[in-house]
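Undergrad: Here it is, the structure, as structure tokens.
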Amino acid sequence: MESVVVDSVVSKITEPLVDSIWRQISYIWNYYNNIQSLKDQVEKLKGERESVQHSVDEARRNGEEIENIINKWMATVDEAIEVADKILQDYDTTNKSCFMGCCPNLKTRHQLGRKASKEITVVAEVLGDGKFGKISYRIPPVLGPAKDYESFESRTLDADVDLSGVYGLSGVGKTTLAKKVAEQVKDDGIFEAVVLASVTQNVDLNRIQQEIAERLSLKFNVESIEVRAARLCARLKQGEKILVILYDIWERIKLEEIGIPSDSDHKGCKIMVTSRNQNVLWEMGAQRDFRLEVLEGEDGWHLFEKKVGTVEIARRCAGLPVLIAVVATALINKELFEWNDALEELKKFNNLGIEARVYSALEFSDNFLGEEEKSLFLLCGQLSHLCTINDLLKYSMVVNDLKRSCLLLEEDQDKLVKMHDVVRSFAASVAAKHHPVLTLAYHTVLEECPEKEFFEQCASISLRHSKIPELPQVFGCPNLKLFLFLNDDPLLKIPENLFSRMVEVKVLDLTRMNLSPLPSSLQFLENLQTLCLDFCVLEDIAIIGELKKLQVLSLIGSSIFRLPSDIRKLTRLLEVIPSGVLSCLIQLEDLYMGNSFVQWEGEGHDSRRNNANLVELKLLSNLVSLDLKIIDAKIIPRNLFSKMLERWTILIGNEWDWSSNYKTSRIWKLKLNTSIELEKVKVLLMRAEDLYVDDLKYLKNVLYELDGQGFPQPGHLCVQNSVEIEYVVDGMRMGQLIAFPRLESLLLDNLNGLDKICHGPIMLGSFSNLRKLNVRNCNVLKNLFLFLIFRGLVQLEEINASSCKILETIVDEESENDNVRDEGIKLTQLCKLTLEYLPHFTSFCSQIQFPNLTDLKLSSINVGKIWPNKLIGLSSCIERLTTLIIDGCGHLSYLFTSSMVGSLAQLKKLEICDCKSMEVVIIKEEGEMMSKMLFPKLDTLKMKGLPKFIRFCIGNLIECPSMRVLWIENCPHLQTFISSSITKNLGITSGAGQASATLFDEKVCFPNLEELHILYMHKLKMMWYDELQADSFCTLKVLEVQHMKELLKIFPSKLLRRFLQNLKSLIVSKSNLVEEVFDLQELIKAKETNAVATTQLRTLGVKYLPKLKHLWNGDPHGILSFHNLHKVHVWFCPSLTSVFPFSIAHNLSYLTVDIDGCGMEELVAKEERIETAPTPKFVFSQLKSLRLWRSKIKCFYSEKHIIECTQLEKLSVHRCDKLEVFTSEPQDLQGTHMEKQKSELKIQVLQPLFSFRKIIHNLEELTLNQKDITMIQQGQFPVDLFQKLKILHLQYFDDASLNSPFHLLQKFQNLETLVLRRCYFKELLSYGIKGQDAGVLSQIRFLRLEFLPNIRKIWNQECQPGQVLENLQTLEIVTCYGLTNLAPSSASFQNLMTLDVWRCAGLVNLISSSTAKSMVNLTKMSVRESKMVEEIVSSEGDESHSQSEIIFSKLGSLKLYCLTSLNSFCSLASCTIKFPSLE
């Protein structure tokens, strides 16, 4: 027992001792391992510190504040590295003192090994602490930066009025004050929203509307200023309290034209305006205006002191803040003598006016600028008041210096700067005084070129969007430094030697020029630093390699050509940049290639090729901006992308389209196939602001595998087309990192392996700035977010989920505990929710509220109801709803309950389509009274494809006072819009015998309805009851009624006046039982009691009405006037007896008539007239077009009459066999002969339609048959009778003996379009066409041949079609079965642009190879349903086919369809066919 105790005691004493001894020995034993391990850890720590430092530097450049934890960590890192470096330095010293380590000092090894071991632990801990979710944060932005604002006692603004104004001198601080007001009222919560917009001297309503809309998060999808104004006005009215500030107004503007509601329209909208002129404020109706005085005494000094730290200098700045800021900034850090010099300089202007004092202050500031800053400053004076930073950076890199000098001001919009009007005016005057310049305002015509002496002294030329008739051959400008030429004339050419005498030019901008080829004189610009060739047509740009001092090269949007030595045809995109051109530009800082050049070479390419290599970009060490597209990621060399890059748009992969509308400056679009390719771009990936990734095959976790730091930078992320990605964020692997803290929009598309967006819990703050979420085609995704994660998405504004096959819910609440779910979520920013094609979707989430939801769209969602019975705050979730679209939701039987209607006061648009179970829109709840339904703002209602729909609602009245458009389509069981009870009272008749089942009755009130569309309502018999609400349907302008099998009447006769007082367009089609359109019988009975009413009807179209007998079942003379009728279309109404009653035809001036397939014999119904009545005269003074096709019509009017159609331009009569169209006799002789025949033969003799002589002289388009042509040939008509005719249709030439029609065309000297239809000519162009015939044919630009059964060939072999149809642009050949040959091999079509061949069964080949070569302008070719065609281009008859290639250089569209015998496009083995423009 004692032994055991002793052993135990000894053990406890000896074990620590042994451990300590062994640990000390291990320091020596593991000496080298510890030293090497320390080296490795220190290298990792240094790499991590460098990476974080890069992020810190970038954040500071972006104006962001660094997190305090980052600064502390960096300090700790520096300490750890310093200690470790000392240990390693001691190690190196020790090794040097011992020969190859053969005589080790064990004591030294012990000490160093011990220190290294401990330091390894310290370095590892510091390295572990370096995982940060984000390193910086943005300072919360103020609304419209009110820079340099000071609250002076001399300034007070009372804004408690509806329209207030501020006026004062330019530069006195009006704009700054306005922005400060905006900032202050926003912070104080006085207004819900504050919007600002600058107006400027050149008022641009589009831009002003856009500025206001962007601040309201409103997107326009229309261009019309009026429509945008209406939308903007509606949006401004939505807010309870909104302040609109318009600054820099030069003259009166109408607020309603912008879309700003007046006080009477919206009490909550307050308006503040600023202007130099008090009269402008009065003209705009300002209720109170305030003069902003210059800063006097203490106020001025206070601002100056704030800037630099003598009151006297501030006084000399005229009290204008803009000048005080500029002068004060210029004097920062200057010596005392420089202050005294400044004072003396400003005193010189003491007794002068304020303008001179202004200019003296600015001139003083200008003297402190460097040469480059001065050049940019003077340049800005020649540009518009707003400029993009990117444009200015092309011209100079000192933009920030001018901003720091207060000479350039930041604009609220991204990437824009502006120059104050005062400063800009000064810059322009200085440029003109000290540096002669030539500047033209926008769209100004340069009518006279300045004198030679002027150009010799000129330092700057700015011709932006000016009109220059012709440029001189040489610009003799030896002192020119800057030449800006933004051209709008595509035909203007740059002379070859234009630049030969401007060798000092440093900036050259030739935007939108045709520079094919580049002028050789460009090589003389040996001092050129910036060259902008944006949106130009270019050719060989190899000459740019001679510009050794070039720093900025911009080729944005250019279509660039390369003309190789073998003179091959040009292509649309740049195919060749000679190798070595780019690498010579060693000073280049900005390179904007866009997608103009994509044929890059990579490492290891064939050196015999002559194209630019991506390796050349590595030699451009000064590059800071880069835009380019790389088709194949495999060719990217390592270390291509430098950390020096500050701005870039880089597209990798052929899938991406280039856009000029990117809103950020660091954009990646990637399609990478391997992790090696990913490593090549990672140096810039973490700094990306917009990131798009496509088909990343090796990627499963987007965040962890692309960037282990949480992606702190991107604002937009798009991930698409991958089957391997499982998560966007894997919280299990991310640790304490915050994921995507700045991300604003997230698009996930076609990710069929995506199981979850976020797997596991993620750090608070992740996705905290997300505003738009769009998920499409993710077919294994069941929900979007966990409940807890979703609760953090407080900025979310828009959700769009579509085509996800198993998506069940937006939020997964099952995995959360009850305590978390009970708290609920309120998404106050969510305004738009779209759910489409989600077959397994069940619900959103019962615990989520979205009180500001305005747009909701549900499409193909199989839910039984939209609104849960116990949805928290249901009323608040729908009370702001303005748009609701329900489409393809087959399980919905109703949309709203009656208790919800009161909460839909903001609803403006309601669409319900293709819901097969929908029976009613509003269902009555038990015990709910439904006496009146009110939708006060509903503008548009559409119900379509509802097979079970029986009514909108039950009640006594539905009122929609704002509704303008109502569309009801394919609701077969709907016969009454609103019923008073659930029982179906269909078929019950009233005492008057009228069926009660009418669609609209007295329970419907639509006082402002403008458009009504009723389609495919096959069981509906009556549309309106003859008793309606007093003002209902009074404003109807458009009525469309189509596909109504049982409808009997269009309008009730008693209410016809009501409907016609504003109706402008009426279309009635395919309604089998309708017998008349306008039932006048009730009005005729009450004719004596009513005055004549003028209708507004302009368009009347009736089509496919088999039982229609009358358009008007009586003559409305003395009742209704239809003199506004412009267009009448009557198609396929076989029972119709006439078109117009006599009184209507007698009073029509503006008219286009189109009759087709009708049974009437006369157009105008015969009037009961006494025999002594004068001959009726029908004057159609503005009749432009008359088309009569396939009808039984015999005459215009069955009695003697006179027709005048002095403006008739188009006449087409086709298959009206009983109608005599023309007579060569004058109309008075016509009538005499007709009466004589009628008297002698005792039969009715009908008058021909027109006297040819009177009708033909104004015609531009005419259809003639063989009889008409014979009359023209035999008649003695003056030569100029047909001078206006440009379009001629020849049809129904049945005489097979006629070989060619072209000898018939001699009288039509100005013909441009010729159509031959159903003629039996054997050929068109025969041998011997010359003289007058050839002259007529040479002007034809459009030729169509349709159903010519006898034709075998169009051109005789001996004819030269290129000579007689030399200007032909379009050739269409349709249904010419016998045609075997299109043209002989000698035919040339150098101007042909469109060739369309359809249903030509006998055609074997289309054109010869020599003819194909002539088609240099062909843009569209179509060959369809021609079963014998074997090849398109043939060698038949072409002796020169042994040669080279055929290039259709402009062919953009080629369609070959149903060509069952087609073997090849061209069978010539030695011939190459090219389509460089094919789309």
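Each chain in the structure tokens gets a letter, A, B, ..., in the order shown, and its residues are numbered from 1; ligands are numbered from 1 in order too.
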At a cut-off of 12 Å, using only C-alpha atoms, what residues contact A:Glu926? Leave out same-chain residues fewer than 6 positions from it and give the result as a list in words.
TA: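 Within the cut-off, the hits are Thr897, Ser898 and Ser899 of chain A.
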Undergrad: Could you save the residues just selected, with N, CA and C atoms, as a short mmCIF file (atom, residue, chain, number, x, y, z; two decimals), in the first residue's frame?
TA:
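File written: result.cif
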data_model
loop_
_atom_site.label_atom_id
_atom_site.label_comp_id
_atom_site.auth_asym_id
_atom_site.auth_seq_id
_atom_site.Cartn_x
_atom_site.Cartn_y
_atom_site.Cartn_z
N THR A 897 -63.71 38.87 -51.26
CA THR A 897 -64.94 38.82 -50.48
C THR A 897 -65.51 40.22 -50.39
N SER A 898 -66.79 40.33 -50.08
CA SER A 898 -67.46 41.63 -50.06
C SER A 898 -66.84 42.57 -49.02
N SER A 899 -66.30 42.02 -47.94
CA SER A 899 -65.72 42.88 -46.90
C SER A 899 -64.40 43.51 -47.34
#
Undergrad: Would you kindly return, as an mmCIF file with N, CA, C and O atoms, in the first residue's frame, each protein, DNA or RNA residue with an atom no farther than 9 Å from any atom of A:Leu38, considering only C-alpha atoms and excluding same-chain residues fewer than 6 positions away?
TA:
data_model
loop_
_atom_site.group_PDB
_atom_site.id
_atom_site.type_symbol
_atom_site.label_atom_id
_atom_site.label_comp_id
_atom_site.auth_asym_id
_atom_site.auth_seq_id
_atom_site.Cartn_x
_atom_site.Cartn_y
_atom_site.Cartn_z
ATOM 1 N N ALA A 84 7.871 38.421 -35.826
ATOM 2 C CA ALA A 84 8.270 37.246 -36.591
ATOM 3 C C ALA A 84 9.469 37.541 -37.481
ATOM 4 O O ALA A 84 10.378 36.704 -37.616
ATOM 5 N N LEU A 88 13.140 35.539 -37.627
ATOM 6 C CA LEU A 88 13.679 34.994 -38.877
ATOM 7 C C LEU A 88 15.005 35.658 -39.232
ATOM 8 O O LEU A 88 15.896 35.024 -39.813
ATOM 9 N N ALA A 116 10.041 30.915 -32.051
ATOM 10 C CA ALA A 116 9.288 30.603 -33.286
ATOM 11 C C ALA A 116 8.020 29.846 -32.983
ATOM 12 O O ALA A 116 6.954 30.100 -33.553
ATOM 13 N N SER A 117 8.125 28.855 -32.056
ATOM 14 C CA SER A 117 6.939 28.057 -31.725
ATOM 15 C C SER A 117 5.827 28.919 -31.154
ATOM 16 O O SER A 117 4.653 28.787 -31.512
ATOM 17 N N GLU A 119 5.503 32.189 -31.525
ATOM 18 C CA GLU A 119 5.048 33.188 -32.493
ATOM 19 C C GLU A 119 4.127 32.563 -33.544
ATOM 20 O O GLU A 119 3.232 33.222 -34.066
ATOM 21 N N ILE A 120 4.352 31.260 -33.840
ATOM 22 C CA ILE A 120 3.453 30.562 -34.786
ATOM 23 C C ILE A 120 2.027 30.611 -34.275
ATOM 24 O O ILE A 120 1.073 30.858 -35.025
ATOM 25 N N VAL A 123 0.684 34.223 -34.696
ATOM 26 C CA VAL A 123 0.387 34.547 -36.099
ATOM 27 C C VAL A 123 -0.868 33.817 -36.559
ATOM 28 O O VAL A 123 -1.715 34.388 -37.267
#
Undergrad: Could you tell me how far atom CA of A:Trp867 sits from atom CA of A:Ser903, in Å to one decimal place?
TA: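 Distance between the two atoms: 13.1 Å.
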Undergrad: Report, in Å to a single decimal, how far apart atom CA of A:Pro1134 and atom CA of A:His1289 are.
TA: 26.2 Å
Undergrad: To one decimal place, how far is atom CA of A:Leu471 from atom CA of A:Leu591 in Å?
TA: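 For atom CA of A:Leu471 relative to atom CA of A:Leu591, the distance reads 28.7 Å.
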